Amino acid sequence: MTTLQDLMKEIKNLTPIPAVANQLLTVVDDPDSSMEDIANIVQYDPIITASVLKTCNSAFFGLKHPAESVKDAVNMLGIDQVVELVLLKSGAKILSGKHEGYGLAGGDMWKYSVSSAIVAKQVAVKLSLKNKNTIFTAALVKDIGKILLEKYVARSSGKIRTLVENKNLSFGEAEKKY
């Protein structure tokens, strides 16, 4: 059986959120920050820059004049869209793998996390909550612990499934018991 201390040690093995995401969230939380401050952070990450420009210049936005710089794209998209793009891009690599212990194929956890984040933000908007970006982020990473637990669950999946079938427990209940 795995101890809590063993699991806590595994946290060190998690891939950290990219610096650009941390910097962006710090700037967005500062009421004195500007769109230029946001663009200055985004422009130093080539993958995020390409994603922001691609999104801004997509057919969805139907711009007459495409954005030619990150500054233009950030101004056109707005803070919320830029934050979402950066967070989605940042979390993609971490959450995209297979999670067979949980019965998830490659990309399933990522799709679920993104769906949860989008729905959570829509609810926050509907309720006129001020911390929409925090709610989006929390929903996006709410299942990050499954990445830590994956190898233990995969190793014990037979025993967990036996508890589910024989004791009529949910997967989560059986996982906790084991």
# chains A, B, ... in the order shown; residues from 1 in each chain; ligands from 1
>>> residues_around(residues="Leu95 (chain A)", least_positions_apart="2", cutoff="12 Å", atoms="only C-alpha atoms", output="number ranges by chain")
A: 14-15, 17, 87-93, 97-99, 104-114, 140-148, 150
>>> write_last_selection(atoms="C-alpha atoms", output="PDB file, in the first residue's frame")
ATOM      1  CA  LEU A  14       4.972  16.964 -11.829  1.00  0.00           C
ATOM      2  CA  THR A  15       5.826  19.175 -14.773  1.00  0.00           C
ATOM      3  CA  ILE A  17       3.359  25.287 -15.253  1.00  0.00           C
ATOM      4  CA  LEU A  87      -3.469  28.154 -19.690  1.00  0.00           C
ATOM      5  CA  LEU A  88      -4.821  25.696 -22.231  1.00  0.00           C
ATOM      6  CA  LYS A  89      -1.509  25.565 -24.060  1.00  0.00           C
ATOM      7  CA  SER A  90       0.378  25.228 -20.768  1.00  0.00           C
ATOM      8  CA  GLY A  91      -1.726  22.325 -19.517  1.00  0.00           C
ATOM      9  CA  ALA A  92      -1.956  20.414 -22.774  1.00  0.00           C
ATOM     10  CA  LYS A  93       1.299  18.518 -22.446  1.00  0.00           C
ATOM     11  CA  GLY A  97      -1.069  11.367 -21.981  1.00  0.00           C
ATOM     12  CA  LYS A  98      -2.780   8.040 -21.478  1.00  0.00           C
ATOM     13  CA  HIS A  99      -4.213   7.367 -18.055  1.00  0.00           C
ATOM     14  CA  LEU A 104      -8.672   7.032 -20.131  1.00  0.00           C
ATOM     15  CA  ALA A 105      -7.158   6.988 -23.605  1.00  0.00           C
ATOM     16  CA  GLY A 106      -4.611   9.566 -24.737  1.00  0.00           C
ATOM     17  CA  GLY A 107      -6.103  13.034 -24.605  1.00  0.00           C
ATOM     18  CA  ASP A 108      -9.251  12.067 -22.676  1.00  0.00           C
ATOM     19  CA  MET A 109      -8.189  13.781 -19.454  1.00  0.00           C
ATOM     20  CA  TRP A 110      -7.193  16.866 -21.426  1.00  0.00           C
ATOM     21  CA  LYS A 111     -10.592  17.023 -23.149  1.00  0.00           C
ATOM     22  CA  TYR A 112     -12.391  16.544 -19.851  1.00  0.00           C
ATOM     23  CA  SER A 113     -10.282  19.214 -18.141  1.00  0.00           C
ATOM     24  CA  VAL A 114     -10.844  21.745 -20.930  1.00  0.00           C
ATOM     25  CA  LEU A 140      -8.689  23.098 -15.676  1.00  0.00           C
ATOM     26  CA  VAL A 141      -6.331  21.613 -13.078  1.00  0.00           C
ATOM     27  CA  LYS A 142      -8.834  20.059 -10.670  1.00  0.00           C
ATOM     28  CA  ASP A 143      -7.882  16.500 -11.658  1.00  0.00           C
ATOM     29  CA  ILE A 144      -4.114  17.014 -11.675  1.00  0.00           C
ATOM     30  CA  GLY A 145      -3.830  14.618  -8.743  1.00  0.00           C
ATOM     31  CA  LYS A 146      -4.799  11.791 -11.070  1.00  0.00           C
ATOM     32  CA  ILE A 147      -1.469  12.209 -12.802  1.00  0.00           C
ATOM     33  CA  LEU A 148       0.262  11.521  -9.488  1.00  0.00           C
ATOM     34  CA  GLU A 150      -1.955   7.065 -12.160  1.00  0.00           C
TER      35      GLU A 150
END
>>> atom_distance(atom1="CA of Ala67 (chain A)", atom2="CA of Thr55 (chain A)")
10.0 Å
>>> residues_around(residues="Ala120 (chain A)", least_positions_apart="6", cutoff="10 Å", atoms="only C-alpha atoms", output="ChimeraX atom specification")
/A:114,126,132-133,135-140
>>> residues_around(residues="Cys56 (chain A)", least_positions_apart="6", cutoff="9 Å", atoms="only C-alpha atoms", output="PyMOL selection string")
chain A and resi 62-63+66-67+73-74+76-77
>>> write_last_selection(atoms="C-alpha atoms", output="PDB file, in the first residue's frame")
ATOM      1  CA  GLY A  62     -13.208  37.206 -39.359  1.00  0.00           C
ATOM      2  CA  LEU A  63     -10.916  40.198 -39.139  1.00  0.00           C
ATOM      3  CA  PRO A  66      -5.128  40.284 -39.535  1.00  0.00           C
ATOM      4  CA  ALA A  67      -3.097  40.876 -36.410  1.00  0.00           C
ATOM      5  CA  ALA A  73      -3.577  40.090 -31.194  1.00  0.00           C
ATOM      6  CA  VAL A  74      -3.714  40.605 -27.419  1.00  0.00           C
ATOM      7  CA  MET A  76      -8.111  42.163 -30.259  1.00  0.00           C
ATOM      8  CA  LEU A  77      -8.622  39.019 -28.186  1.00  0.00           C
TER       9      LEU A  77
END
>>> select_by_dssp(residues="region 29-107 of chain A", states="helix (DSSP H, G or I)", output="PyMOL selection string")
chain A and resi 29+35-42+46-56+70-77+79-95+100-102
>>> atom_distance(atom1="CA of Lys71 (chain A)", atom2="CA of Ala117 (chain A)")
25.7 Å
>>> closest_residue(among="A:Ala50, A:Lys177, A:Asn166, A:Ile79", to="Val27 (chain A)", atoms="only C-alpha atoms")
A:Ile79
